[in-house]
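For reference, the structure discussed in these notes is given below.
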Amino acid sequence: EDQPLLVSFGLGSELWADVGDSIYIRSESNAPVGVGRVSAGKKVWLSSEGAIIDALNTRYNNIEAADIRLIATRSVGEPIDGLGLYSTYNGIDLSKGINVESYAGDVRLSTWGEGGHDMRIVSIEASRGIVDLNAAGGMVVDTANQLGRHGVIANRIKLSQAKSVGRQGNYFDVLLHGEGSKIAFGNVAQDVYLHSEQNLDIGGDDSRVGNRLYVNADKSLNLSGKVSVAEGIEMIAKGDVHFNHTAHISTSGHSSSVTIKSTKSDIDIVKGEIVTLGSVHLQAFEQVNIDGGVVEASGLVEVIGGEAGEDDEALSVLVTTAGGLNSKGDQINIEAKGDIEVMGHLLAGGKWKEDGGVEWLAKGGQVFINASGRAY
């Protein structure tokens with residue numbers, strides 16, 4: 001790496017290579033480095049003062065090697081299919097895989113392969129731009145949290161397509177950076193395991209997960225846009241959990257569940273929605289605030305408020321006039337270590353009709369309220 005081959009790439013030039021060991025190339029030109037097919041038995045190291053792009057515009061891996069390191073002043077990959085990278089490494093060295101850094105642009109990567117190859121990420125950084133990853137049927141996995149660092153650092157992250165992202169015991173670790181930052185899922189067939197040691201914003205027009213979504217944020221968690229999951233959602237944050245007015249969180253499985261917890265602060269559902277064919281469990285260390293938002297489930301709806309914080313006016317659970325809890329099943333449970341104030345509606349054992357009336361189920365429903373303070 002300290003003595004790479006220096007190459008002056010001109011506009012429209014392409015890089016093709018096939019070696020048994022390693023490749024170290026640096027381009028000191030501002031022209032994009034167009035990568036055709038590059039393969040190496042051990043390592044590909046490529047640095048460019050400009051961009052690094054796909055010269056083929058086809059769904060093939062441009063670079064295949066055990067260890068891949070790309071450094072660009074501008075973007076790596078382009079919209080739609082991105083730059084095709086495949087790390088062939090399958091050993092135990094956590095530092096080997098895909099390492100990509102863009103100083104002032106975006107990173108758009110794909111991993112192609114019949115039946116789906118896994119995208120093995122060590123580190124991807126585009127702190128001023130977008131990181132868009134497409135595993136095309138394989139898993140997106142990272143070794144970063146085992147190395148004590150982040151898998152992806154970016155202003156915006158999109159996981160366009162994958163079989164799964166992260167795995168149990170090895171959450172995919174991200175760090176969102178800068179104003180307007182957020183992460184979205186395009187179409188993940190199975191599970192997503194996501195972690196951030198900072199604030200985490202999950203948004204996008206339509207994030208879809210085919211089985212279960214697990215999110216762990218060491219600080220606050222903000223939800224916006226539409227997130228659709230089949231079997232279950234578990235979101236845990238140490239800071240505030242906030243739903244803004246565009247948030248729509250849903251699960252479609254009849255035995256599915258939505259669990260959202262703030263272990264040190266509040267849950268605020270501000271005009272957002274949680275809709276599930278299963279059950280909902282909301283639990284806050286301090287206050288649960290349903291402020292114009294609606295929680296609707298076919299099964300149990302459970303809300304647990306903790307000790308009210310200094311800014312919570314002694315209220316552990318608050319449901320404002322425009323907010324509500326709906327259980328088409330038969331039960332709503334509300335528990336609080338402080339006061340409970342309900343100005344909105346609680347509906348168990350029925351569903352709203354278009355004319356504002358209620359269509360009751362034959363077995364009816366129950367609402368249980370247990371407050372250490374007042375309930376009014």
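If you're wondering about the labels, chains in the structure tokens are A, B, ... by order shown, residues count from 1 in each chain, ligands from 1 in order shown.
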
Problem - Test item, helix (DSSP H, G or I) assignment across segment 84-332 of chain A, answer as a ChimeraX atom specification - result: /A:144-147

Can you spit out the residues from that selection as a PDB file, in the first residue's frame, using C-alpha atoms?
ATOM      1  CA  ALA A 144     -17.117  -3.851  12.387  1.00  0.00           C
ATOM      2  CA  ASN A 145     -18.718  -4.150  15.816  1.00  0.00           C
ATOM      3  CA  GLN A 146     -16.406  -7.058  16.602  1.00  0.00           C
ATOM      4  CA  LEU A 147     -13.512  -4.736  15.716  1.00  0.00           C
TER       5      LEU A 147
END

Problem - Distance query Pro32 of chain A at most 10 Å, only C-alpha atoms, self and fewer than 3 positions along chain excluded, as a PyMOL selection string - result: chain A and resi 9-14+27+29+35+48-55+72+74-76

Write the residues of the selection above to a file with N, CA, C and O atoms, as an mmCIF file, in the first residue's frame.
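See again-v6.cif below for the written result:
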data_model
loop_
_atom_site.group_PDB
_atom_site.id
_atom_site.type_symbol
_atom_site.label_atom_id
_atom_site.label_comp_id
_atom_site.auth_asym_id
_atom_site.auth_seq_id
_atom_site.Cartn_x
_atom_site.Cartn_y
_atom_site.Cartn_z
ATOM 1 N N PHE A 9 -5.114 7.860 -15.260
ATOM 2 C CA PHE A 9 -6.290 7.457 -16.033
ATOM 3 C C PHE A 9 -6.876 8.659 -16.752
ATOM 4 O O PHE A 9 -7.101 9.709 -16.137
ATOM 5 N N GLY A 10 -7.127 8.507 -18.036
ATOM 6 C CA GLY A 10 -7.793 9.552 -18.794
ATOM 7 C C GLY A 10 -9.294 9.335 -18.811
ATOM 8 O O GLY A 10 -9.807 8.294 -18.391
ATOM 9 N N LEU A 11 -10.019 10.317 -19.295
ATOM 10 C CA LEU A 11 -11.471 10.229 -19.372
ATOM 11 C C LEU A 11 -11.878 9.074 -20.290
ATOM 12 O O LEU A 11 -11.428 8.980 -21.427
ATOM 13 N N GLY A 12 -12.701 8.173 -19.790
ATOM 14 C CA GLY A 12 -13.151 7.028 -20.574
ATOM 15 C C GLY A 12 -12.240 5.819 -20.499
ATOM 16 O O GLY A 12 -12.543 4.783 -21.093
ATOM 17 N N SER A 13 -11.142 5.910 -19.775
ATOM 18 C CA SER A 13 -10.234 4.760 -19.669
ATOM 19 C C SER A 13 -10.812 3.718 -18.721
ATOM 20 O O SER A 13 -11.664 4.007 -17.887
ATOM 21 N N GLU A 14 -10.335 2.468 -18.862
ATOM 22 C CA GLU A 14 -10.866 1.362 -18.072
ATOM 23 C C GLU A 14 -9.721 0.574 -17.441
ATOM 24 O O GLU A 14 -8.621 0.515 -17.980
ATOM 25 N N SER A 27 -4.534 6.243 -8.735
ATOM 26 C CA SER A 27 -4.730 7.193 -9.828
ATOM 27 C C SER A 27 -4.683 8.596 -9.252
ATOM 28 O O SER A 27 -5.444 8.926 -8.346
ATOM 29 N N SER A 29 -5.161 11.214 -11.141
ATOM 30 C CA SER A 29 -5.962 12.031 -12.054
ATOM 31 C C SER A 29 -7.360 12.242 -11.472
ATOM 32 O O SER A 29 -7.867 11.410 -10.721
ATOM 33 N N VAL A 35 -13.939 0.740 -13.880
ATOM 34 C CA VAL A 35 -13.474 -0.611 -13.584
ATOM 35 C C VAL A 35 -14.248 -1.605 -14.440
ATOM 36 O O VAL A 35 -15.483 -1.661 -14.395
ATOM 37 N N SER A 48 -8.195 6.694 -5.856
ATOM 38 C CA SER A 48 -8.420 7.625 -6.965
ATOM 39 C C SER A 48 -8.719 9.028 -6.445
ATOM 40 O O SER A 48 -9.465 9.192 -5.476
ATOM 41 N N GLU A 49 -8.117 10.041 -7.106
ATOM 42 C CA GLU A 49 -8.446 11.440 -6.799
ATOM 43 C C GLU A 49 -9.813 11.817 -7.362
ATOM 44 O O GLU A 49 -10.367 12.849 -6.991
ATOM 45 N N GLY A 50 -10.361 11.014 -8.235
ATOM 46 C CA GLY A 50 -11.692 11.241 -8.786
ATOM 47 C C GLY A 50 -12.671 10.207 -8.261
ATOM 48 O O GLY A 50 -12.635 9.825 -7.090
ATOM 49 N N ALA A 51 -13.541 9.727 -9.142
ATOM 50 C CA ALA A 51 -14.534 8.709 -8.785
ATOM 51 C C ALA A 51 -14.053 7.326 -9.241
ATOM 52 O O ALA A 51 -13.151 7.206 -10.074
ATOM 53 N N ILE A 52 -14.669 6.291 -8.679
ATOM 54 C CA ILE A 52 -14.445 4.916 -9.126
ATOM 55 C C ILE A 52 -15.806 4.369 -9.553
ATOM 56 O O ILE A 52 -16.727 4.302 -8.734
ATOM 57 N N ILE A 53 -15.942 3.996 -10.834
ATOM 58 C CA ILE A 53 -17.254 3.651 -11.369
ATOM 59 C C ILE A 53 -17.220 2.320 -12.122
ATOM 60 O O ILE A 53 -16.145 1.794 -12.433
ATOM 61 N N ASP A 54 -18.400 1.808 -12.415
ATOM 62 C CA ASP A 54 -18.565 0.579 -13.188
ATOM 63 C C ASP A 54 -18.453 0.914 -14.671
ATOM 64 O O ASP A 54 -19.258 1.678 -15.204
ATOM 65 N N ALA A 55 -17.459 0.341 -15.341
ATOM 66 C CA ALA A 55 -17.282 0.592 -16.775
ATOM 67 C C ALA A 55 -18.153 -0.313 -17.630
ATOM 68 O O ALA A 55 -18.278 -0.095 -18.840
ATOM 69 N N ALA A 72 -11.671 6.930 -2.608
ATOM 70 C CA ALA A 72 -11.966 7.881 -3.676
ATOM 71 C C ALA A 72 -12.265 9.252 -3.096
ATOM 72 O O ALA A 72 -12.919 9.361 -2.055
ATOM 73 N N ARG A 74 -14.065 11.374 -4.793
ATOM 74 C CA ARG A 74 -15.472 11.542 -5.170
ATOM 75 C C ARG A 74 -16.224 10.233 -4.944
ATOM 76 O O ARG A 74 -15.916 9.485 -4.048
ATOM 77 N N SER A 75 -17.224 9.963 -5.746
ATOM 78 C CA SER A 75 -18.114 8.831 -5.484
ATOM 79 C C SER A 75 -17.493 7.492 -5.882
ATOM 80 O O SER A 75 -16.593 7.416 -6.724
ATOM 81 N N VAL A 76 -18.022 6.439 -5.266
ATOM 82 C CA VAL A 76 -17.713 5.074 -5.656
ATOM 83 C C VAL A 76 -19.016 4.423 -6.100
ATOM 84 O O VAL A 76 -19.968 4.317 -5.319
#

Practice task
Find the residues around segment 337-347 of chain A up to 6 Å (only C-alpha atoms counted), leave out those fewer than 4 positions away in its own chain, and share them as a ChimeraX atom specification.
Solution key: /A:306-307,315-326,372-376

Exercise for the section: Pick out the residues sitting within 12 Å of Ile267 of chain A, and hand them over as a ChimeraX atom specification; count only C-alpha atoms, and ignore anything fewer than 2 positions along from it in its own chain. Expected result: /A:220-223,235-244,259-265,269-270,272,281-291,293,303-306,308-309,312,316-319

Practice task
Give me the residues within 7 Å of segment 114-122 of chain A as a list of chain:residue names, counting only C-alpha atoms and dropping any in the same chain fewer than 3 places off.
Solution key: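 Residues near the query, excluding close chain neighbours: A:Tyr86, A:Ser87, A:Ser95, A:Lys96, A:Gly97, A:Ile98, A:Asn99, A:Thr111, A:Ala135, A:Ala136, A:Gly137, A:Gly138, A:Met139, A:Val140, A:Val141, A:Asp142, A:Thr143, A:Ala144, A:Gly151.
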
Please produce a file of the residues just selected, as a compact mmCIF listing (two decimals), in the first residue's frame, where the atoms kept are C-alpha atoms.
# COMPACT_ATOMS: atom_id res chain seq x y z
CA TYR A 86 -17.45 -9.48 -4.01
CA SER A 87 -15.16 -10.47 -1.17
CA SER A 95 -10.19 -7.12 8.98
CA LYS A 96 -10.66 -8.75 5.56
CA GLY A 97 -13.64 -8.00 3.35
CA ILE A 98 -14.93 -4.81 1.74
CA ASN A 99 -13.42 -1.49 2.84
CA THR A 111 -22.71 -7.96 -4.80
CA ALA A 135 -26.69 -7.78 -1.91
CA ALA A 136 -29.00 -9.20 -4.63
CA GLY A 137 -30.23 -12.18 -2.66
CA GLY A 138 -27.30 -12.61 -0.25
CA MET A 139 -26.73 -11.37 3.29
CA VAL A 140 -25.26 -8.00 4.22
CA VAL A 141 -22.96 -8.71 7.16
CA ASP A 142 -20.25 -6.71 8.86
CA THR A 143 -17.30 -7.43 11.13
CA ALA A 144 -17.12 -3.85 12.39
CA GLY A 151 -19.86 -0.93 9.52

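One distance worth recording is that between atom CA of Gly20 of chain A and atom CA of Asn62 of chain A, which is 16.3 Å.
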
Problem - Which residue of A:Gly82, A:Gly91, A:Gly253, A:Gly204 approaches Asn134 of chain A most closely, using only C-alpha atoms - result: A:Gly82

Exercise for the section: Pick out the residues sitting within 9 Å of Ser196 of chain A, and hand them over as a list in words; count only C-alpha atoms, and ignore anything fewer than 2 positions along from it in its own chain. Expected result: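 My reading of the contact set: His150, Phe172, Asp173, Val174, Leu175, Leu176, Leu194, Gln198, Asn199, Leu200, Val215, Asn216, Ala217, Asp218 and Lys219 of chain A.
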
Filtering to N, CA, C and O atoms, could you give me those residues as an mmCIF file, in the first residue's frame?
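Saved as again04.cif:
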data_model
loop_
_atom_site.group_PDB
_atom_site.id
_atom_site.type_symbol
_atom_site.label_atom_id
_atom_site.label_comp_id
_atom_site.auth_asym_id
_atom_site.auth_seq_id
_atom_site.Cartn_x
_atom_site.Cartn_y
_atom_site.Cartn_z
ATOM 1 N N HIS A 150 -17.650 1.139 13.274
ATOM 2 C CA HIS A 150 -18.926 1.123 12.576
ATOM 3 C C HIS A 150 -18.790 0.436 11.214
ATOM 4 O O HIS A 150 -17.810 0.617 10.503
ATOM 5 N N PHE A 172 -25.872 -5.294 12.466
ATOM 6 C CA PHE A 172 -25.231 -4.426 11.482
ATOM 7 C C PHE A 172 -25.097 -3.041 12.098
ATOM 8 O O PHE A 172 -26.085 -2.419 12.486
ATOM 9 N N ASP A 173 -23.872 -2.541 12.222
ATOM 10 C CA ASP A 173 -23.591 -1.334 12.984
ATOM 11 C C ASP A 173 -23.446 -0.129 12.057
ATOM 12 O O ASP A 173 -22.624 -0.139 11.142
ATOM 13 N N VAL A 174 -24.261 0.924 12.298
ATOM 14 C CA VAL A 174 -24.238 2.108 11.440
ATOM 15 C C VAL A 174 -24.085 3.362 12.283
ATOM 16 O O VAL A 174 -24.418 3.390 13.466
ATOM 17 N N LEU A 175 -23.573 4.418 11.642
ATOM 18 C CA LEU A 175 -23.491 5.742 12.258
ATOM 19 C C LEU A 175 -23.992 6.756 11.245
ATOM 20 O O LEU A 175 -23.385 6.936 10.186
ATOM 21 N N LEU A 176 -25.124 7.390 11.553
ATOM 22 C CA LEU A 176 -25.662 8.430 10.683
ATOM 23 C C LEU A 176 -25.009 9.757 11.043
ATOM 24 O O LEU A 176 -24.867 10.094 12.217
ATOM 25 N N LEU A 194 -30.162 -4.277 13.346
ATOM 26 C CA LEU A 194 -29.551 -2.962 13.142
ATOM 27 C C LEU A 194 -29.195 -2.328 14.475
ATOM 28 O O LEU A 194 -29.997 -2.337 15.410
ATOM 29 N N GLN A 198 -25.264 5.960 18.244
ATOM 30 C CA GLN A 198 -25.727 7.351 18.253
ATOM 31 C C GLN A 198 -27.225 7.389 17.943
ATOM 32 O O GLN A 198 -27.915 6.387 18.017
ATOM 33 N N ASN A 199 -27.751 8.585 17.612
ATOM 34 C CA ASN A 199 -29.151 8.715 17.226
ATOM 35 C C ASN A 199 -29.396 7.970 15.921
ATOM 36 O O ASN A 199 -28.536 7.930 15.041
ATOM 37 N N LEU A 200 -30.599 7.422 15.791
ATOM 38 C CA LEU A 200 -30.934 6.629 14.605
ATOM 39 C C LEU A 200 -32.277 7.090 14.070
ATOM 40 O O LEU A 200 -33.247 7.183 14.818
ATOM 41 N N VAL A 215 -34.100 -3.450 16.042
ATOM 42 C CA VAL A 215 -33.362 -2.188 16.052
ATOM 43 C C VAL A 215 -32.929 -1.885 17.476
ATOM 44 O O VAL A 215 -33.735 -1.960 18.410
ATOM 45 N N ASN A 216 -31.665 -1.509 17.626
ATOM 46 C CA ASN A 216 -31.121 -1.150 18.932
ATOM 47 C C ASN A 216 -30.336 0.144 18.785
ATOM 48 O O ASN A 216 -29.327 0.183 18.075
ATOM 49 N N ALA A 217 -30.802 1.225 19.449
ATOM 50 C CA ALA A 217 -30.139 2.523 19.378
ATOM 51 C C ALA A 217 -29.654 2.924 20.767
ATOM 52 O O ALA A 217 -30.431 2.908 21.723
ATOM 53 N N ASP A 218 -28.379 3.285 20.884
ATOM 54 C CA ASP A 218 -27.829 3.674 22.174
ATOM 55 C C ASP A 218 -28.296 5.058 22.599
ATOM 56 O O ASP A 218 -28.176 5.416 23.777
ATOM 57 N N LYS A 219 -28.794 5.853 21.655
ATOM 58 C CA LYS A 219 -29.351 7.170 21.992
ATOM 59 C C LYS A 219 -30.807 7.216 21.529
ATOM 60 O O LYS A 219 -31.578 6.344 21.847
#

Completion exercise
What separates atom CA of Tyr60 of chain A and atom CA of Val131 of chain A is a distance of 19.3 Å

Exercise for the section: Mind the document's chain letters and residue numbers, and return as a VMD selection string the residues of segment 54-249 of chain A that DSSP labels strand (DSSP E). Expected result: chain A and resid 54 63 to 65 67 to 72 83 to 87 98 to 102 107 to 110 119 to 134 139 to 142 152 to 162 164 to 165 172 to 176 182 to 188 192 to 196 200 to 202 207 to 209 212 to 217 221 to 223 226 to 229 232 to 237 241 to 243 248 to 249

Practice task
Would you kindly return, as a list in words, each protein, DNA or RNA residue with an atom no farther than 7 Å from any atom of Val38 of chain A, considering only C-alpha atoms and excluding same-chain residues fewer than 3 positions away?
Solution key: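 Counting only the stated atoms, we get Trp16, Ala17, Asp18, Asn62, Ile63 and Glu64 of chain A.
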